[in-house]
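Raw start-v2.cif, mmCIF, C-alpha atoms:
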```cif
data_data
#
loop_
_atom_site.label_atom_id
_atom_site.label_comp_id
_atom_site.auth_asym_id
_atom_site.auth_seq_id
_atom_site.Cartn_x
_atom_site.Cartn_y
_atom_site.Cartn_z
CA MET A 253 41.23 -0.29 28.75
CA ASN A 254 43.24 -3.06 27.12
CA ARG A 255 40.13 -5.21 27.54
CA PHE A 256 38.58 -3.18 24.72
CA PHE A 257 41.46 -4.13 22.47
CA LEU A 258 41.52 -7.85 23.17
CA PRO A 259 38.00 -8.58 21.91
CA LEU A 260 38.65 -6.39 18.86
CA LEU A 261 41.48 -8.71 17.83
CA ALA A 262 39.20 -11.67 18.38
CA LEU A 263 36.46 -10.10 16.27
CA LEU A 264 38.81 -9.38 13.39
CA ALA A 265 40.20 -12.92 13.52
CA ALA A 266 36.78 -14.57 13.58
CA PRO A 267 35.72 -16.75 10.63
CA ALA A 268 33.59 -15.19 7.93
CA ALA A 269 29.86 -15.27 8.51
CA ALA A 270 27.23 -15.87 5.87
CA LEU A 271 26.14 -12.84 3.88
CA SER A 272 23.21 -11.04 5.45
CA THR A 273 22.64 -7.32 4.97
CA PRO A 274 23.71 -6.22 1.48
CA ALA A 275 26.53 -3.73 1.11
CA PRO A 276 25.77 -0.03 0.61
CA ASP A 277 25.63 1.46 -2.86
CA TYR A 278 29.04 3.04 -3.32
CA ARG A 279 27.90 4.81 -6.46
CA ASP A 280 26.25 7.18 -3.98
CA PRO A 281 28.81 9.85 -2.95
CA ALA A 282 27.14 10.04 0.47
CA ASN A 283 28.62 6.62 1.27
CA TRP A 284 32.18 7.93 1.01
CA LEU A 285 33.97 9.73 3.81
CA CYS A 286 36.51 11.09 1.30
CA ARG A 287 36.61 11.30 -2.49
CA PRO A 288 38.75 13.42 -4.81
CA GLY A 289 37.21 16.79 -5.57
CA ALA A 290 34.80 16.70 -2.63
CA THR A 291 34.71 18.99 0.37
CA ASP A 292 35.40 16.45 3.08
CA PRO A 293 37.82 15.67 5.95
CA CYS A 294 40.61 14.69 3.54
CA SER A 295 40.44 18.10 1.87
CA GLY A 296 40.19 20.00 5.17
CA ASP A 297 42.75 22.08 7.01
CA ALA A 298 45.87 19.93 7.40
CA SER A 299 48.24 22.80 8.13
CA THR A 300 51.29 21.98 10.22
CA THR A 301 53.36 24.13 12.55
CA VAL A 302 57.00 23.06 12.42
CA VAL A 303 58.64 23.71 15.80
CA ALA A 304 62.45 23.73 15.79
CA ALA A 305 64.60 22.94 18.81
CA ASP A 306 65.02 26.66 19.52
CA ALA A 307 61.19 27.07 19.48
CA GLY A 308 61.30 28.87 16.16
CA VAL A 309 58.25 28.01 14.06
CA LYS A 310 57.22 27.91 10.44
CA LEU A 311 53.96 26.96 8.78
CA ASP A 312 53.45 24.15 6.25
CA MET A 313 50.02 24.20 4.60
CA LEU A 314 50.27 20.64 3.18
CA PRO A 315 48.69 21.45 -0.18
CA ALA A 316 47.13 18.69 -2.22
CA ASP A 317 48.83 17.52 -5.39
CA SER A 318 46.14 18.31 -7.95
CA ASN A 319 47.90 16.08 -10.46
CA ALA A 320 48.66 13.17 -8.15
CA PRO A 321 49.46 10.20 -10.40
CA ILE A 322 48.42 7.48 -7.93
CA ASP A 323 45.54 6.78 -5.54
CA CYS A 324 45.25 5.95 -1.85
CA PHE A 325 42.41 3.85 -0.42
CA TYR A 326 42.05 4.49 3.33
CA VAL A 327 40.07 2.51 5.92
CA TYR A 328 39.76 4.17 9.33
CA PRO A 329 40.14 2.53 12.77
CA THR A 330 37.58 1.81 15.48
CA VAL A 331 36.23 5.25 16.33
CA SER A 332 32.46 5.17 15.74
CA THR A 333 30.49 6.56 18.66
CA ASP A 334 27.20 5.12 17.38
CA PRO A 335 25.33 3.27 20.16
CA THR A 336 24.55 0.32 17.88
CA PRO A 337 26.77 -2.80 17.50
CA ASN A 338 27.66 -1.83 13.93
CA SER A 339 27.98 1.80 12.88
CA ASP A 340 25.62 3.44 10.45
CA MET A 341 26.60 5.09 7.17
CA ILE A 342 26.48 8.65 8.53
CA ALA A 343 29.90 10.01 9.45
CA ASP A 344 30.07 11.11 13.07
CA PRO A 345 32.63 13.68 14.29
CA ALA A 346 35.08 10.97 15.37
CA GLU A 347 35.10 9.38 11.90
CA LYS A 348 35.63 12.78 10.28
CA ASN A 349 38.41 13.71 12.69
CA VAL A 350 40.35 10.50 12.22
CA ALA A 351 40.22 10.88 8.43
CA LEU A 352 41.71 14.37 8.79
CA PHE A 353 44.45 13.19 11.13
CA GLN A 354 45.36 9.96 9.33
CA ALA A 355 44.40 10.36 5.67
CA ALA A 356 44.50 14.05 4.74
CA PRO A 357 48.33 14.29 4.73
CA PHE A 358 48.47 11.68 1.96
CA ARG A 359 46.82 14.13 -0.45
CA GLN A 360 50.34 15.39 -1.10
CA ALA A 361 51.05 12.06 -2.81
CA CYS A 362 47.78 10.62 -4.07
CA ARG A 363 44.07 11.03 -4.67
CA VAL A 364 42.42 9.86 -1.44
CA TYR A 365 39.39 7.56 -1.35
CA ALA A 366 37.90 6.56 2.02
CA PRO A 367 34.61 4.65 2.20
CA LEU A 368 32.25 4.82 5.12
CA TYR A 369 31.71 1.30 6.42
CA ARG A 370 29.60 -0.35 9.09
CA GLN A 371 32.40 -1.13 11.48
CA VAL A 372 32.20 -2.82 14.86
CA THR A 373 31.62 0.14 17.19
CA LEU A 374 33.10 1.10 20.51
CA ALA A 375 29.71 0.30 22.03
CA ALA A 376 29.95 -3.32 20.82
CA LEU A 377 33.41 -3.65 22.32
CA ARG A 378 32.15 -2.32 25.64
CA ASP A 379 29.40 -4.95 25.59
CA ARG A 380 32.01 -7.63 25.04
CA MET A 381 34.09 -6.24 27.89
CA LEU A 382 31.09 -6.48 30.19
CA GLY A 383 30.48 -10.09 29.24
CA LYS A 384 27.40 -9.39 27.16
CA PRO A 385 26.72 -11.34 23.95
CA VAL A 386 28.35 -9.89 20.87
CA THR A 387 25.51 -8.91 18.56
CA ALA A 388 27.64 -7.07 16.02
CA ASP A 389 27.95 -8.52 12.53
CA ILE A 390 31.69 -9.01 12.68
CA THR A 391 32.18 -9.35 8.91
CA MET A 392 29.92 -6.50 7.81
CA GLY A 393 32.77 -3.99 7.76
CA TYR A 394 34.86 -6.21 5.52
CA ARG A 395 31.95 -6.81 3.14
CA ASP A 396 31.32 -3.06 2.92
CA VAL A 397 34.96 -2.23 2.24
CA ALA A 398 35.23 -5.02 -0.33
CA ALA A 399 32.19 -3.59 -2.13
CA ALA A 400 33.64 -0.07 -1.96
CA PHE A 401 36.99 -1.24 -3.34
CA ALA A 402 35.27 -3.13 -6.16
CA ASP A 403 33.25 -0.01 -7.01
CA TYR A 404 36.38 2.13 -6.94
CA MET A 405 38.26 -0.27 -9.21
CA LYS A 406 35.38 -0.45 -11.68
CA HIS A 407 34.48 3.24 -11.88
CA ASP A 408 37.34 5.39 -10.58
CA ASN A 409 40.69 3.63 -10.80
CA LYS A 410 41.17 3.61 -14.58
CA GLY A 411 44.41 1.63 -14.39
CA ARG A 412 46.11 3.73 -11.70
CA GLY A 413 48.29 2.34 -8.95
CA VAL A 414 46.79 2.36 -5.45
CA ILE A 415 48.18 2.29 -1.92
CA LEU A 416 45.99 0.66 0.74
CA ILE A 417 46.16 2.50 4.07
CA GLY A 418 44.57 1.40 7.33
CA HIS A 419 44.86 1.55 11.10
CA SER A 420 43.68 -0.86 13.80
CA GLN A 421 40.29 -2.30 12.73
CA GLY A 422 40.82 -0.66 9.35
CA SER A 423 44.10 -2.57 8.91
CA GLY A 424 42.37 -5.81 9.86
CA VAL A 425 39.72 -5.19 7.24
CA LEU A 426 42.34 -4.39 4.61
CA LYS A 427 44.27 -7.53 5.52
CA ALA A 428 41.12 -9.54 4.85
CA LEU A 429 40.64 -7.65 1.57
CA LEU A 430 44.16 -8.58 0.51
CA GLN A 431 43.66 -12.20 1.47
CA ASN A 432 40.26 -12.66 -0.18
CA ASP A 433 40.06 -10.18 -3.04
CA ILE A 434 43.56 -9.16 -4.13
CA GLU A 435 46.30 -11.76 -3.66
CA GLY A 436 46.59 -14.06 -6.68
CA LYS A 437 44.24 -11.90 -8.76
CA PRO A 438 45.02 -9.44 -11.60
CA VAL A 439 44.22 -6.45 -9.39
CA ALA A 440 47.30 -7.28 -7.28
CA SER A 441 49.49 -5.75 -9.99
CA GLN A 442 47.94 -2.34 -9.27
CA VAL A 443 48.53 -2.43 -5.51
CA ILE A 444 51.63 -0.32 -4.96
CA ALA A 445 51.80 -1.12 -1.25
CA ALA A 446 49.68 -1.75 1.84
CA TYR A 447 50.27 0.27 5.01
CA LEU A 448 48.71 -1.79 7.83
CA ALA A 449 49.35 0.21 10.99
CA GLY A 450 48.36 -0.80 14.50
CA HIS A 451 47.50 -4.40 13.68
CA ASN A 452 49.29 -7.72 14.09
CA VAL A 453 50.31 -9.09 10.69
CA LEU A 454 51.89 -12.53 11.01
CA VAL A 455 54.92 -13.73 9.04
CA PRO A 456 57.15 -16.76 9.58
CA ALA A 457 59.84 -15.74 12.07
CA GLY A 458 62.78 -14.23 10.23
CA LYS A 459 60.92 -14.13 6.90
CA ASP A 460 59.28 -11.38 4.88
CA VAL A 461 56.56 -13.40 3.16
CA GLY A 462 54.09 -16.07 4.19
CA GLY A 463 51.74 -16.20 7.14
CA ASP A 464 48.77 -13.85 6.90
CA LEU A 465 49.73 -12.69 3.41
CA LYS A 466 50.76 -15.56 1.17
CA SER A 467 52.42 -13.69 -1.68
CA MET A 468 52.83 -10.03 -0.61
CA PRO A 469 56.19 -9.55 1.15
CA LEU A 470 57.14 -6.90 3.67
CA CYS A 471 58.61 -3.73 2.19
CA ARG A 472 62.37 -3.40 2.64
CA SER A 473 63.16 -0.41 0.41
CA ALA A 474 61.50 2.83 -0.61
CA THR A 475 61.34 1.73 -4.25
CA GLN A 476 59.95 -1.75 -3.62
CA THR A 477 56.33 -2.20 -4.72
CA GLY A 478 53.67 -4.83 -4.25
CA CYS A 479 54.66 -5.07 -0.59
CA ALA A 480 53.28 -4.37 2.89
CA LEU A 481 54.21 -2.38 5.99
CA ALA A 482 52.97 -3.31 9.46
CA TRP A 483 53.93 -2.01 12.90
CA VAL A 484 52.65 -1.39 16.43
CA SER A 485 54.20 1.40 18.50
CA PHE A 486 55.45 1.63 22.10
CA ARG A 487 57.58 4.19 23.91
CA ASP A 488 61.11 2.91 24.38
CA THR A 489 60.72 3.61 28.11
CA MET A 490 57.60 1.43 28.34
CA ALA A 491 57.46 -2.34 28.73
CA VAL A 492 55.09 -4.36 26.57
CA PRO A 493 52.85 -5.88 29.26
CA ALA A 494 51.92 -9.54 29.14
CA SER A 495 48.27 -8.40 28.91
CA SER A 496 48.92 -6.67 25.57
CA LEU A 497 48.39 -8.63 22.39
CA PHE A 498 50.21 -6.03 20.31
CA GLY A 499 53.39 -7.46 18.85
CA ARG A 500 52.76 -11.08 19.80
CA PRO A 501 51.05 -13.85 17.81
CA PRO A 502 47.76 -15.11 19.26
CA ALA A 503 47.83 -18.37 21.19
CA ASN A 504 46.15 -20.20 18.30
CA ALA A 505 48.66 -19.01 15.67
CA PRO A 506 50.63 -21.71 13.82
CA ALA A 507 54.02 -22.50 15.31
CA GLY A 508 56.90 -20.37 14.10
CA MET A 509 54.90 -17.23 13.41
CA ALA A 510 55.96 -13.74 14.46
CA VAL A 511 54.34 -10.31 14.26
CA ALA A 512 55.80 -8.23 11.44
CA CYS A 513 57.45 -4.88 12.14
CA THR A 514 58.54 -2.49 9.41
CA ASN A 515 59.69 1.01 10.31
CA PRO A 516 58.37 3.39 7.61
CA ALA A 517 61.39 5.62 8.21
CA ALA A 518 63.96 2.79 7.92
CA LEU A 519 62.64 -0.19 6.01
CA ALA A 520 66.04 -1.90 6.07
CA GLY A 521 66.19 -1.62 9.87
CA GLY A 522 68.03 0.40 12.50
CA ARG A 523 67.15 3.37 14.70
CA VAL A 524 66.57 6.62 12.84
CA THR A 525 64.96 9.99 13.37
CA VAL A 526 61.33 9.93 12.29
CA ASN A 527 59.31 12.68 10.63
CA ALA A 528 56.33 12.82 12.95
CA MET A 529 53.18 14.86 12.41
CA MET A 530 51.65 15.02 15.86
CA VAL A 531 47.99 15.81 16.40
CA ASN A 532 47.70 19.16 18.15
CA ARG A 533 45.29 18.02 20.85
CA THR A 534 44.89 14.97 23.07
CA GLY A 535 45.06 12.53 20.15
CA ILE A 536 43.03 11.04 17.32
CA VAL A 537 40.32 10.53 19.93
CA ASP A 538 39.73 12.67 23.02
CA ASN A 539 40.97 10.34 25.74
CA GLY A 540 41.33 12.85 28.53
CA ALA A 541 45.10 13.15 28.35
CA PRO A 542 46.45 16.71 28.29
CA ALA A 543 48.08 17.82 25.06
CA PRO A 544 51.71 18.82 25.58
CA LYS A 545 52.88 22.39 25.43
CA TRP A 546 54.97 22.10 22.28
CA ALA A 547 57.33 24.96 23.16
CA LYS A 548 57.61 27.58 25.86
CA GLY A 549 56.08 30.85 24.80
CA ARG A 550 54.42 29.34 21.73
CA ASN A 551 50.72 28.78 21.22
CA ILE A 552 50.06 26.38 18.36
CA TYR A 553 46.70 26.44 16.59
CA THR A 554 47.23 24.26 13.51
CA PRO A 555 45.82 20.69 13.41
CA PHE A 556 49.33 19.19 13.19
CA VAL A 557 52.66 19.88 14.85
CA ALA A 558 56.04 18.72 13.54
CA VAL A 559 59.01 18.53 15.90
CA PRO A 560 62.08 17.81 13.72
CA GLY A 561 64.75 15.69 15.37
CA LEU A 562 62.75 15.03 18.53
CA LEU A 563 61.67 11.42 17.90
CA THR A 564 63.50 8.28 16.85
CA ALA A 565 62.14 4.81 16.15
CA GLU A 566 63.40 1.28 15.59
CA CYS A 567 61.76 -2.08 15.01
CA MET A 568 62.92 -4.40 17.77
CA ASN A 569 61.93 -7.35 19.93
CA ARG A 570 61.22 -6.33 23.50
CA ASP A 571 59.43 -8.35 26.15
CA ASN A 572 58.95 -11.10 23.55
CA ALA A 573 57.04 -8.68 21.30
CA ASN A 574 57.99 -7.21 17.93
CA ILE A 575 57.26 -3.51 18.17
CA LEU A 576 58.23 -0.11 16.80
CA SER A 577 60.13 1.34 19.74
CA VAL A 578 59.80 5.16 19.83
CA GLY A 579 62.34 7.31 21.67
CA ILE A 580 62.29 11.00 22.59
CA ASN A 581 65.50 13.03 22.24
CA ALA A 582 64.44 15.35 25.03
CA ASP A 583 66.62 18.28 26.06
CA PRO A 584 65.31 19.85 29.27
CA ALA A 585 67.55 22.88 28.63
CA ASP A 586 65.83 23.94 25.42
CA PRO A 587 62.34 25.48 25.15
CA ARG A 588 60.77 22.66 23.14
CA THR A 589 58.57 19.93 24.61
CA ASP A 590 60.20 16.92 26.23
CA THR A 591 57.18 14.68 25.79
CA ILE A 592 54.45 13.74 23.32
CA ASN A 593 50.82 12.73 23.48
CA GLY A 594 49.53 9.40 22.15
CA ASP A 595 48.95 7.21 25.21
CA VAL A 596 45.54 5.75 25.95
CA VAL A 597 44.43 7.27 29.25
CA VAL A 598 41.44 6.09 31.30
CA GLY A 599 40.52 7.74 34.57
CA GLY A 600 43.80 9.61 34.53
CA GLN A 601 45.82 6.39 34.20
CA VAL A 602 47.96 5.50 31.19
CA GLN A 603 47.02 2.09 29.83
CA ASP A 604 50.41 0.54 29.12
CA ALA A 605 49.00 -2.40 27.16
CA TRP A 606 47.96 -0.07 24.35
CA GLY A 607 51.38 1.48 23.87
CA LEU A 608 51.23 4.42 21.45
CA HIS A 609 48.34 2.89 19.52
CA LEU A 610 46.60 6.23 19.03
CA ILE A 611 49.55 7.63 17.09
CA ASP A 612 50.86 4.54 15.26
CA MET A 613 50.49 6.53 12.03
CA ASN A 614 51.18 10.08 13.16
CA VAL A 615 54.54 9.27 14.74
CA VAL A 616 55.81 8.36 11.23
CA MET A 617 53.32 10.31 9.08
CA GLY A 618 55.89 12.42 7.25
CA ASP A 619 57.85 9.27 6.45
CA LEU A 620 54.72 7.52 5.20
CA VAL A 621 53.86 10.38 2.84
CA ALA A 622 57.43 10.44 1.50
CA LEU A 623 57.31 6.67 1.08
CA ALA A 624 53.99 6.89 -0.79
CA LYS A 625 55.61 9.34 -3.22
CA SER A 626 58.70 7.15 -3.67
CA GLN A 627 56.84 3.88 -4.09
CA GLY A 628 54.32 5.54 -6.38
CA ALA A 629 57.11 6.87 -8.60
CA ALA A 630 58.77 3.44 -8.68
CA TRP A 631 55.49 1.74 -9.63
CA LEU A 632 54.93 4.25 -12.44
CA GLN A 633 58.45 3.68 -13.75
CA GLN A 634 57.93 -0.07 -13.67
CA ARG A 635 54.62 0.28 -15.51
CA ALA A 636 56.19 2.52 -18.16
CA ALA A 637 59.11 0.12 -18.64
CA ALA A 638 56.74 -2.81 -19.05
CA ALA A 639 54.66 -0.91 -21.61
CA SER A 640 57.73 -0.06 -23.68
CA ARG A 641 58.86 -3.64 -24.08
#
```
Write-out of the structure in structure tokens:
Amino acid sequence: MNRFFLPLLALLAAPAAALSTPAPDYRDPANWLCRPGATDPCSGDASTTVVAADAGVKLDMLPADSNAPIDCFYVYPTVSTDPTPNSDMIADPAEKNVALFQAAPFRQACRVYAPLYRQVTLAALRDRMLGKPVTADITMGYRDVAAAFADYMKHDNKGRGVILIGHSQGSGVLKALLQNDIEGKPVASQVIAAYLAGHNVLVPAGKDVGGDLKSMPLCRSATQTGCALAWVSFRDTMAVPASSLFGRPPANAPAGMAVACTNPAALAGGRVTVNAMMVNRTGIVDNGAPAPKWAKGRNIYTPFVAVPGLLTAECMNRDNANILSVGINADPADPRTDTINGDVVVGGQVQDAWGLHLIDMNVVMGDLVALAKSQGAAWLQQRAAAASR
């Protein structure tokens, strides 16, 4: 299965192609997966069952903040099941599901915007895996998202701060947006932060700025703004295979580059307990892996499950890869689960090269939402202080 991932990295790193098909009209609400005030995946049921170590449960409904003072702009990962090389502009169930699982929780902190875009599909990646010519327009997704962001800034933003949120292909597209349309431009002052999960972001080894992003540093505190987070996740019991490109610079990267890792739960470093919001099924995509039984004698029906104190995470270098190493504080004597879902499984076999790619965001989702609130508040304070001078 890692062969699907390798060509995806190559596609996202490919040079820009000449403009061909024009971008969709993002004045049309039908071209948005999520918009404030709409009935859509980001406003759907995001209720969470919190399962304590003694198997006691409580329900958190994750209500939206109707007066959220900042915005979030979310770009979803490679999930389109369309049979064409590039997806269409009609949301399929996979695109709707991933927006619920990755974007809906942020409605506690911000107004959520998520454009549909004509991404490189799973079908295109399968063609590449089989040695067939790649017929996908590999820059179409970026052009669409750039047009959507420009439309949002012109018509909807109205001077508000915005957090960019992506995963996998979505993070690659947002990285290109930062490089081409944001860094060095006035709009950069409105970008509170960029959360680029599940994608290699290069920085000079030991540095927080430079490399892929020339002026945006990595975030190192919960009140720092104008900065980026990036991480790729692996179980702490799992090696990072040589076949995996997660956590390692590509062979053609300039000398001295490393893959960035920022732990959303501990930006300054160290191993800490993370506030996970696990998807209560096989994962953000149905990969055939069984969902765990979260606690003996408990049937959980909410979309999310929180398991306080169960998971820890730390950014570290293992197997010559910079990764977010996720540990499980399992206690076989208590009734709560001793495992989690999140592995990529093909034919009943876990694909080690993917690590915990499917849950890069969910394993730290509670921490990300808290960080969005903290960074948003800091940005607003900075803006107010600047206006009072």
Handout entry: Distance query Asp571 in chain A at most 12 Å, only C-alpha atoms, self and fewer than 2 positions along chain excluded, as an MDAnalysis selection string
Key = chainID A and resid 486 488 490:500 568:569 573:575 577
Just-selected residues, C-alpha atoms written as a compact mmCIF listing (two decimals), keeping the file's coordinate frame:
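Written out: result-v1.txt:
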```
# COMPACT_ATOMS: atom_id res chain seq x y z
CA PHE A 486 55.45 1.63 22.10
CA ASP A 488 61.11 2.91 24.38
CA MET A 490 57.60 1.43 28.34
CA ALA A 491 57.46 -2.34 28.73
CA VAL A 492 55.09 -4.36 26.57
CA PRO A 493 52.85 -5.88 29.26
CA ALA A 494 51.92 -9.54 29.14
CA SER A 495 48.27 -8.40 28.91
CA SER A 496 48.92 -6.67 25.57
CA LEU A 497 48.39 -8.63 22.39
CA PHE A 498 50.21 -6.03 20.31
CA GLY A 499 53.39 -7.46 18.85
CA ARG A 500 52.76 -11.08 19.80
CA MET A 568 62.92 -4.40 17.77
CA ASN A 569 61.93 -7.35 19.93
CA ALA A 573 57.04 -8.68 21.30
CA ASN A 574 57.99 -7.21 17.93
CA ILE A 575 57.26 -3.51 18.17
CA SER A 577 60.13 1.34 19.74
```
Completion exercise
Here CA of Asn338 in chain A and CA of Ala376 in chain A stand apart by 7.4 Å
Quick one: axis-aligned box around all listed atoms of range 484-496 of chain A, 8 Å on every side, centre and edge lengths in Å to one decimal, written as AutoDock Vina command-line options.
```
--center_x 54.7 --center_y -2.7 --center_z 22.8 --size_x 28.8 --size_y 29.7 --size_z 28.8
```
Which residues would end up in the selection if the PyMOL selection byres ((chain A and resi 524) around 8) were applied here, given that I need the answer as a JSON list (two decimals) with C-alpha atoms, in the coordinates of the input?
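The new file expr_2.json reads:
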```
[["chain", "number", "residue", "atom", "x", "y", "z"],
["A", 517, "ALA", "CA", 61.39, 5.62, 8.21],
["A", 518, "ALA", "CA", 63.96, 2.79, 7.92],
["A", 522, "GLY", "CA", 68.03, 0.40, 12.50],
["A", 523, "ARG", "CA", 67.15, 3.37, 14.70],
["A", 525, "THR", "CA", 64.96, 9.99, 13.37],
["A", 526, "VAL", "CA", 61.33, 9.93, 12.29],
["A", 564, "THR", "CA", 63.50, 8.28, 16.85],
["A", 565, "ALA", "CA", 62.14, 4.81, 16.15],
["A", 566, "GLU", "CA", 63.40, 1.28, 15.59]]
```
Exercise for the section: Please write as a PyMOL selection string the full residue list that the PyMOL selection byres ((chain A and resi 331) around 7) yields on this file. Expected result: chain A and resi 329-330+332-333+346-347+373-374
Problem - Residue with smallest distance to Asn593 in chain A - pool A:Ala639, A:Ala304, A:Val531, A:Val386, counting only C-alpha atoms - result: A:Val531
Handout entry: Atomic distance CA of Gln360 in chain A - CA of Ser420 in chain A, expressed in Å with one decimal
Key =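 Separation between CA of Gln360 in chain A and CA of Ser420 in chain A: 23.0 Å.
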Handout entry: Resolved residues for the PyMOL selection byres ((chain A and resi 368) around 12) as JSON, numbers by chain
Key = {"A": [275, 276, 277, 278, 280, 281, 282, 283, 284, 285, 286, 287, 325, 326, 327, 328, 329, 331, 332, 338, 339, 340, 341, 342, 343, 344, 347, 348, 351, 365, 366, 367, 369, 370, 371, 392, 393, 394, 395, 396, 397, 398, 399, 400, 401, 422]}
Select from range 346-408 of chain A every residue with an atom at most 8 Å from any atom of range 306-317 of chain A, then for each give the shortest pair of atoms and their distance in Å to one decimal, using all atoms listed in the file, rows by chain and rising number, as JSON lines.
```
{"residue": "A:Pro357", "atom": "CA", "partner": "A:Leu314", "partner_atom": "CA", "distance": 6.8}
{"residue": "A:Arg359", "atom": "CA", "partner": "A:Ala316", "partner_atom": "CA", "distance": 4.9}
{"residue": "A:Gln360", "atom": "CA", "partner": "A:Ala316", "partner_atom": "CA", "distance": 4.7}
{"residue": "A:Ala361", "atom": "CA", "partner": "A:Asp317", "partner_atom": "CA", "distance": 6.4}
{"residue": "A:Cys362", "atom": "CA", "partner": "A:Asp317", "partner_atom": "CA", "distance": 7.1}
```
Exercise for the section: May I ask which of the residues A:Thr554, A:Ala482, A:Lys406, A:Thr336 is the closest one to Thr300 in chain A, counting only C-alpha atoms? Expected result: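 Once distances to Thr300 in chain A are computed over only C-alpha atoms, the minimum belongs to A:Thr554.
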Handout entry: Residue among A:Gln421, A:Ser441, A:Asn319, A:Gln431 lying closest to Arg635 in chain A, counting only C-alpha atoms
Key =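 Between A:Gln421, A:Ser441, A:Asn319, A:Gln431, the residue approaching Arg635 in chain A most closely is A:Ser441.
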Handout entry: Between CA of Leu519 in chain A and CA of Thr591 in chain A - distance in Å to one decimal
Key = 25.3 Å
Practice task
Anything within 7 Å of (43.8, -6.9, 11.6): list those residues as a PyMOL selection string, counting all atoms listed in the file and sticking to the file's coordinates.
Solution key: chain A and resi 261+264+420-421+423-425+427+451-453
Exercise for the section: Go through A:Asp389, A:Asp460, A:Asp334, A:Asp583 and flag the residue nearest Ala510 in chain A, using only C-alpha atoms for the distances. Expected result: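 Between A:Asp389, A:Asp460, A:Asp334, A:Asp583, the residue approaching Ala510 in chain A most closely is A:Asp460.
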If I only have part of range 566-581 of chain A, can you fill in N, CA and C atoms and write it as an mmCIF file, keeping the file's coordinate frame?
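File part_11.cif, as written:
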```
data_model
loop_
_atom_site.group_PDB
_atom_site.id
_atom_site.type_symbol
_atom_site.label_atom_id
_atom_site.label_comp_id
_atom_site.auth_asym_id
_atom_site.auth_seq_id
_atom_site.Cartn_x
_atom_site.Cartn_y
_atom_site.Cartn_z
ATOM 1 N N GLU A 566 62.711 2.471 16.073
ATOM 2 C CA GLU A 566 63.400 1.280 15.590
ATOM 3 C C GLU A 566 62.508 0.069 15.817
ATOM 4 N N CYS A 567 62.426 -0.803 14.820
ATOM 5 C CA CYS A 567 61.760 -2.080 15.010
ATOM 6 C C CYS A 567 62.667 -2.983 15.848
ATOM 7 N N MET A 568 62.119 -3.549 16.911
ATOM 8 C CA MET A 568 62.920 -4.400 17.770
ATOM 9 C C MET A 568 62.023 -5.361 18.532
ATOM 10 N N ASN A 569 62.652 -6.404 19.089
ATOM 11 C CA ASN A 569 61.930 -7.350 19.930
ATOM 12 C C ASN A 569 62.193 -6.980 21.381
ATOM 13 N N ARG A 570 61.133 -6.633 22.069
ATOM 14 C CA ARG A 570 61.220 -6.330 23.500
ATOM 15 C C ARG A 570 60.105 -7.058 24.217
ATOM 16 N N ASP A 571 60.421 -7.638 25.349
ATOM 17 C CA ASP A 571 59.430 -8.350 26.150
ATOM 18 C C ASP A 571 58.707 -9.397 25.303
ATOM 19 N N ASN A 572 59.484 -10.049 24.424
ATOM 20 C CA ASN A 572 58.950 -11.100 23.550
ATOM 21 C C ASN A 572 57.879 -10.564 22.613
ATOM 22 N N ALA A 573 57.982 -9.298 22.234
ATOM 23 C CA ALA A 573 57.040 -8.680 21.300
ATOM 24 C C ALA A 573 57.812 -7.896 20.252
ATOM 25 N N ASN A 574 57.391 -7.993 19.008
ATOM 26 C CA ASN A 574 57.990 -7.210 17.930
ATOM 27 C C ASN A 574 57.237 -5.888 17.800
ATOM 28 N N ILE A 575 57.935 -4.806 18.112
ATOM 29 C CA ILE A 575 57.260 -3.510 18.170
ATOM 30 C C ILE A 575 58.142 -2.428 17.560
ATOM 31 N N LEU A 576 57.503 -1.302 17.207
ATOM 32 C CA LEU A 576 58.230 -0.110 16.800
ATOM 33 C C LEU A 576 58.503 0.693 18.068
ATOM 34 N N SER A 577 59.747 0.707 18.493
ATOM 35 C CA SER A 577 60.130 1.340 19.740
ATOM 36 C C SER A 577 60.459 2.812 19.476
ATOM 37 N N VAL A 578 59.716 3.717 20.099
ATOM 38 C CA VAL A 578 59.800 5.160 19.830
ATOM 39 C C VAL A 578 60.509 5.855 20.989
ATOM 40 N N GLY A 579 61.576 6.575 20.661
ATOM 41 C CA GLY A 579 62.340 7.310 21.670
ATOM 42 C C GLY A 579 62.202 8.805 21.500
ATOM 43 N N ILE A 580 62.381 9.538 22.587
ATOM 44 C CA ILE A 580 62.290 11.000 22.590
ATOM 45 C C ILE A 580 63.665 11.580 22.920
ATOM 46 N N ASN A 581 64.216 12.367 22.016
ATOM 47 C CA ASN A 581 65.500 13.030 22.240
ATOM 48 C C ASN A 581 65.274 14.327 23.021
#
```
